[in-house]
Amino acid sequence: MKKGTPKGLRDLRQPVALEPPKITFPCDYSLKVVGDAADDFPACVCQVIVRHAPDFDATTMQVVDSRNGRYQSVRVMIRATGEQQIKELFEDLKATGRVHMVV
């Protein structure tokens with residue numbers, strides 16, 4: 001009997017090169033921005049987002065408090081025009097010093 005991988009199956013011992021998913025721009029792009037809970041945290045996030053996505057509609061923003069109320073997540077949808085826009089948006093959100101994570 002011949003040893004090896006049966007036909008149609010992949011040898012799991014061999015590494016697989018994974019490429020990051022390709023995004024076709026422009027597209028709707030959702031973000032969740034997490035930081036310490038504060039009355040002005042959503043407004044701070046909104047100011048940064050509008051700089052990078054001027055057509056952002058702040059009325060669509062959702063603010064969710066954590067279970068213990070210590071953190072807030074601000075969920076938004078923007079119209080992304082390119083990778084550079086998203087990269088700069090993430091950098092500016094982090095630069096506020098108030099954002100712990102952007103997903």
# chains A, B, ... in the order shown; residues from 1 in each chain; ligands from 1

$ select_by_dssp --residues "range 1-100 of chain A" --states "strand (DSSP E)" --output "ChimeraX atom specification"
/A:27-36,62-65,71-80,99-100

$ residues_around --residues "Ser73 in chain A" --least-positions-apart "6" --cutoff "6 Å" --atoms "only C-alpha atoms" --output "list in words"
Val33, Val34, Val63 and Val64 of chain A

$ write_last_selection --atoms "N, CA and C atoms" --output "compact mmCIF listing (two decimals), in the first residue's frame"
# COMPACT_ATOMS: atom_id res chain seq x y z
N VAL A 33 -14.76 50.93 17.79
CA VAL A 33 -13.71 51.66 18.49
C VAL A 33 -13.99 51.55 19.99
N VAL A 34 -13.04 51.01 20.74
CA VAL A 34 -13.23 50.76 22.16
C VAL A 34 -12.33 51.67 22.98
N VAL A 63 -23.46 53.43 20.28
CA VAL A 63 -22.59 53.43 21.46
C VAL A 63 -23.09 52.34 22.39
N VAL A 64 -22.19 51.43 22.76
CA VAL A 64 -22.55 50.32 23.63
C VAL A 64 -21.62 50.33 24.84

$ select_by_dssp --residues "chain A" --states "alpha helix (DSSP H)" --output "MDAnalysis selection string"
chainID A and resid 41:52 83:95

$ atom_distance --atom1 "CA of Tyr71 in chain A" --atom2 "CA of Arg98 in chain A"
10.7 Å

$ closest_residue --among "A:Lys22, A:Gly97, A:Leu89, A:Arg67" --to "Gln47 in chain A" --atoms "only C-alpha atoms"
A:Leu89

$ atom_distance --atom1 "CA of Lys87 in chain A" --atom2 "CA of Cys46 in chain A"
16.5 Å

$ residues_around --residues "Asp39 in chain A" --least-positions-apart "3" --cutoff "12 Å" --atoms "only C-alpha atoms" --output "ChimeraX atom specification"
/A:35-36,42-45,63,65,69-72

$ write_last_selection --atoms "all heavy atoms" --output "compact mmCIF listing (two decimals), in the first residue's frame"
# COMPACT_ATOMS: atom_id res chain seq x y z
N GLY A 35 -12.91 52.28 24.02
CA GLY A 35 -12.14 53.15 24.91
C GLY A 35 -12.82 53.21 26.27
O GLY A 35 -13.87 52.60 26.50
N ASP A 36 -12.20 53.97 27.18
CA ASP A 36 -12.80 54.16 28.51
C ASP A 36 -14.11 54.92 28.37
O ASP A 36 -14.21 55.88 27.59
CB ASP A 36 -11.85 54.95 29.42
CG ASP A 36 -10.60 54.15 29.76
OD1 ASP A 36 -10.69 52.92 29.90
OD2 ASP A 36 -9.52 54.77 29.90
N PRO A 42 -17.80 59.24 22.55
CA PRO A 42 -18.37 59.12 21.20
C PRO A 42 -18.09 60.35 20.33
O PRO A 42 -17.79 60.22 19.14
CB PRO A 42 -19.87 58.93 21.45
CG PRO A 42 -19.94 58.35 22.83
CD PRO A 42 -18.81 59.00 23.58
N ALA A 43 -18.16 61.55 20.91
CA ALA A 43 -17.90 62.77 20.14
C ALA A 43 -16.44 62.83 19.70
O ALA A 43 -16.14 63.26 18.57
CB ALA A 43 -18.24 64.00 20.98
N CYS A 44 -15.53 62.39 20.55
CA CYS A 44 -14.11 62.35 20.21
C CYS A 44 -13.87 61.43 19.01
O CYS A 44 -13.17 61.79 18.06
CB CYS A 44 -13.31 61.88 21.43
SG CYS A 44 -11.57 61.60 21.11
N VAL A 45 -14.48 60.25 19.05
CA VAL A 45 -14.36 59.29 17.95
C VAL A 45 -14.96 59.88 16.68
O VAL A 45 -14.37 59.80 15.60
CB VAL A 45 -15.04 57.95 18.32
CG1 VAL A 45 -15.14 57.03 17.12
CG2 VAL A 45 -14.31 57.27 19.47
N VAL A 63 -23.46 53.43 20.28
CA VAL A 63 -22.59 53.43 21.46
C VAL A 63 -23.09 52.34 22.39
O VAL A 63 -24.27 52.31 22.75
CB VAL A 63 -22.60 54.79 22.17
CG1 VAL A 63 -21.70 54.76 23.40
CG2 VAL A 63 -22.18 55.89 21.21
N ASP A 65 -22.21 50.35 26.03
CA ASP A 65 -21.41 50.29 27.25
C ASP A 65 -21.08 48.84 27.58
O ASP A 65 -21.87 47.93 27.31
CB ASP A 65 -22.19 50.89 28.43
CG ASP A 65 -22.40 52.39 28.27
OD1 ASP A 65 -21.51 53.06 27.72
OD2 ASP A 65 -23.46 52.89 28.71
N GLY A 69 -19.71 48.89 32.73
CA GLY A 69 -19.76 50.32 32.49
C GLY A 69 -18.41 51.01 32.43
O GLY A 69 -18.34 52.23 32.33
N ARG A 70 -17.34 50.25 32.46
CA ARG A 70 -16.00 50.85 32.44
C ARG A 70 -15.57 51.27 31.03
O ARG A 70 -14.83 52.22 30.86
CB ARG A 70 -15.00 49.85 33.02
CG ARG A 70 -13.62 50.40 33.14
CD ARG A 70 -12.70 49.47 33.87
NE ARG A 70 -11.35 50.02 33.83
CZ ARG A 70 -10.27 49.36 34.11
NH1 ARG A 70 -10.36 48.11 34.49
NH2 ARG A 70 -9.10 49.93 34.04
N TYR A 71 -16.02 50.53 30.03
CA TYR A 71 -15.63 50.79 28.64
C TYR A 71 -16.85 51.09 27.78
O TYR A 71 -17.97 50.74 28.12
CB TYR A 71 -14.90 49.58 28.04
CG TYR A 71 -13.66 49.21 28.81
CD1 TYR A 71 -13.66 48.13 29.69
CD2 TYR A 71 -12.48 49.93 28.66
CE1 TYR A 71 -12.52 47.79 30.39
CE2 TYR A 71 -11.34 49.59 29.36
CZ TYR A 71 -11.37 48.52 30.23
OH TYR A 71 -10.24 48.19 30.93
N GLN A 72 -16.58 51.72 26.64
CA GLN A 72 -17.61 51.96 25.64
C GLN A 72 -17.07 51.51 24.30
O GLN A 72 -15.87 51.66 24.02
CB GLN A 72 -17.97 53.44 25.52
CG GLN A 72 -18.84 53.96 26.62
CD GLN A 72 -19.15 55.44 26.43
OE1 GLN A 72 -18.32 56.21 25.98
NE2 GLN A 72 -20.37 55.82 26.79

$ closest_residue --among "A:Ile23, A:Ala38, A:Ile86, A:Met101" --to "Arg51 in chain A" --atoms "only C-alpha atoms"
A:Ile86

$ decode --residues "range 15-38 of chain A" --atoms "N, CA, C and O atoms" --output "compact mmCIF listing (two decimals), in the first residue's frame"
# COMPACT_ATOMS: atom_id res chain seq x y z
N PRO A 15 2.87 23.67 5.47
CA PRO A 15 2.31 25.01 5.69
C PRO A 15 1.56 25.50 4.45
O PRO A 15 1.90 25.14 3.33
N VAL A 16 0.56 26.31 4.71
CA VAL A 16 -0.24 26.87 3.64
C VAL A 16 -0.03 28.38 3.65
O VAL A 16 -0.13 29.03 4.70
N ALA A 17 0.30 28.93 2.52
CA ALA A 17 0.48 30.38 2.41
C ALA A 17 -0.89 31.03 2.31
O ALA A 17 -1.62 30.78 1.36
N LEU A 18 -1.22 31.85 3.29
CA LEU A 18 -2.50 32.55 3.29
C LEU A 18 -2.28 34.00 2.93
O LEU A 18 -1.42 34.67 3.49
N GLU A 19 -3.05 34.49 2.00
CA GLU A 19 -2.98 35.89 1.63
C GLU A 19 -4.12 36.62 2.33
O GLU A 19 -5.20 36.08 2.50
N PRO A 20 -3.86 37.87 2.76
CA PRO A 20 -4.95 38.62 3.38
C PRO A 20 -6.07 38.84 2.37
O PRO A 20 -5.81 38.92 1.18
N PRO A 21 -7.31 38.90 2.86
CA PRO A 21 -8.42 39.11 1.94
C PRO A 21 -8.27 40.45 1.23
O PRO A 21 -7.80 41.44 1.79
N LYS A 22 -8.65 40.48 0.00
CA LYS A 22 -8.60 41.71 -0.80
C LYS A 22 -9.92 42.45 -0.64
O LYS A 22 -10.99 41.87 -0.71
N ILE A 23 -9.80 43.75 -0.43
CA ILE A 23 -10.98 44.60 -0.32
C ILE A 23 -11.07 45.42 -1.59
O ILE A 23 -10.09 46.00 -2.04
N THR A 24 -12.25 45.47 -2.16
CA THR A 24 -12.48 46.28 -3.34
C THR A 24 -13.05 47.62 -2.90
O THR A 24 -14.09 47.67 -2.26
N PHE A 25 -12.32 48.67 -3.23
CA PHE A 25 -12.74 50.02 -2.84
C PHE A 25 -13.41 50.72 -4.00
O PHE A 25 -13.08 50.44 -5.14
N PRO A 26 -14.33 51.63 -3.73
CA PRO A 26 -14.90 52.00 -2.45
C PRO A 26 -15.85 50.93 -1.93
O PRO A 26 -16.40 50.14 -2.70
N CYS A 27 -16.01 50.92 -0.60
CA CYS A 27 -16.90 49.93 0.03
C CYS A 27 -17.37 50.45 1.38
O CYS A 27 -16.78 51.36 1.95
N ASP A 28 -18.45 49.86 1.88
CA ASP A 28 -18.89 50.14 3.24
C ASP A 28 -17.96 49.38 4.17
O ASP A 28 -17.66 48.20 3.95
N TYR A 29 -17.47 50.06 5.20
CA TYR A 29 -16.46 49.48 6.10
C TYR A 29 -16.90 49.75 7.53
O TYR A 29 -17.07 50.90 7.93
N SER A 30 -17.08 48.70 8.31
CA SER A 30 -17.52 48.88 9.68
C SER A 30 -16.32 48.90 10.63
O SER A 30 -15.33 48.22 10.40
N LEU A 31 -16.46 49.70 11.66
CA LEU A 31 -15.43 49.84 12.68
C LEU A 31 -16.07 49.75 14.06
O LEU A 31 -17.19 50.23 14.26
N LYS A 32 -15.33 49.18 14.99
CA LYS A 32 -15.73 49.22 16.39
C LYS A 32 -14.54 49.81 17.14
O LYS A 32 -13.44 49.27 17.10
N VAL A 33 -14.76 50.93 17.79
CA VAL A 33 -13.71 51.66 18.49
C VAL A 33 -13.99 51.55 19.99
O VAL A 33 -15.06 51.94 20.45
N VAL A 34 -13.04 51.01 20.74
CA VAL A 34 -13.23 50.76 22.16
C VAL A 34 -12.33 51.67 22.98
O VAL A 34 -11.14 51.82 22.68
N GLY A 35 -12.91 52.28 24.02
CA GLY A 35 -12.14 53.15 24.91
C GLY A 35 -12.82 53.21 26.27
O GLY A 35 -13.87 52.60 26.50
N ASP A 36 -12.20 53.97 27.18
CA ASP A 36 -12.80 54.16 28.51
C ASP A 36 -14.11 54.92 28.37
O ASP A 36 -14.21 55.88 27.59
N ALA A 37 -15.10 54.51 29.14
CA ALA A 37 -16.41 55.16 29.09
C ALA A 37 -16.31 56.60 29.58
O ALA A 37 -15.70 56.88 30.61
N ALA A 38 -16.86 57.50 28.80
CA ALA A 38 -16.92 58.92 29.16
C ALA A 38 -18.01 59.57 28.31
O ALA A 38 -18.29 59.11 27.21
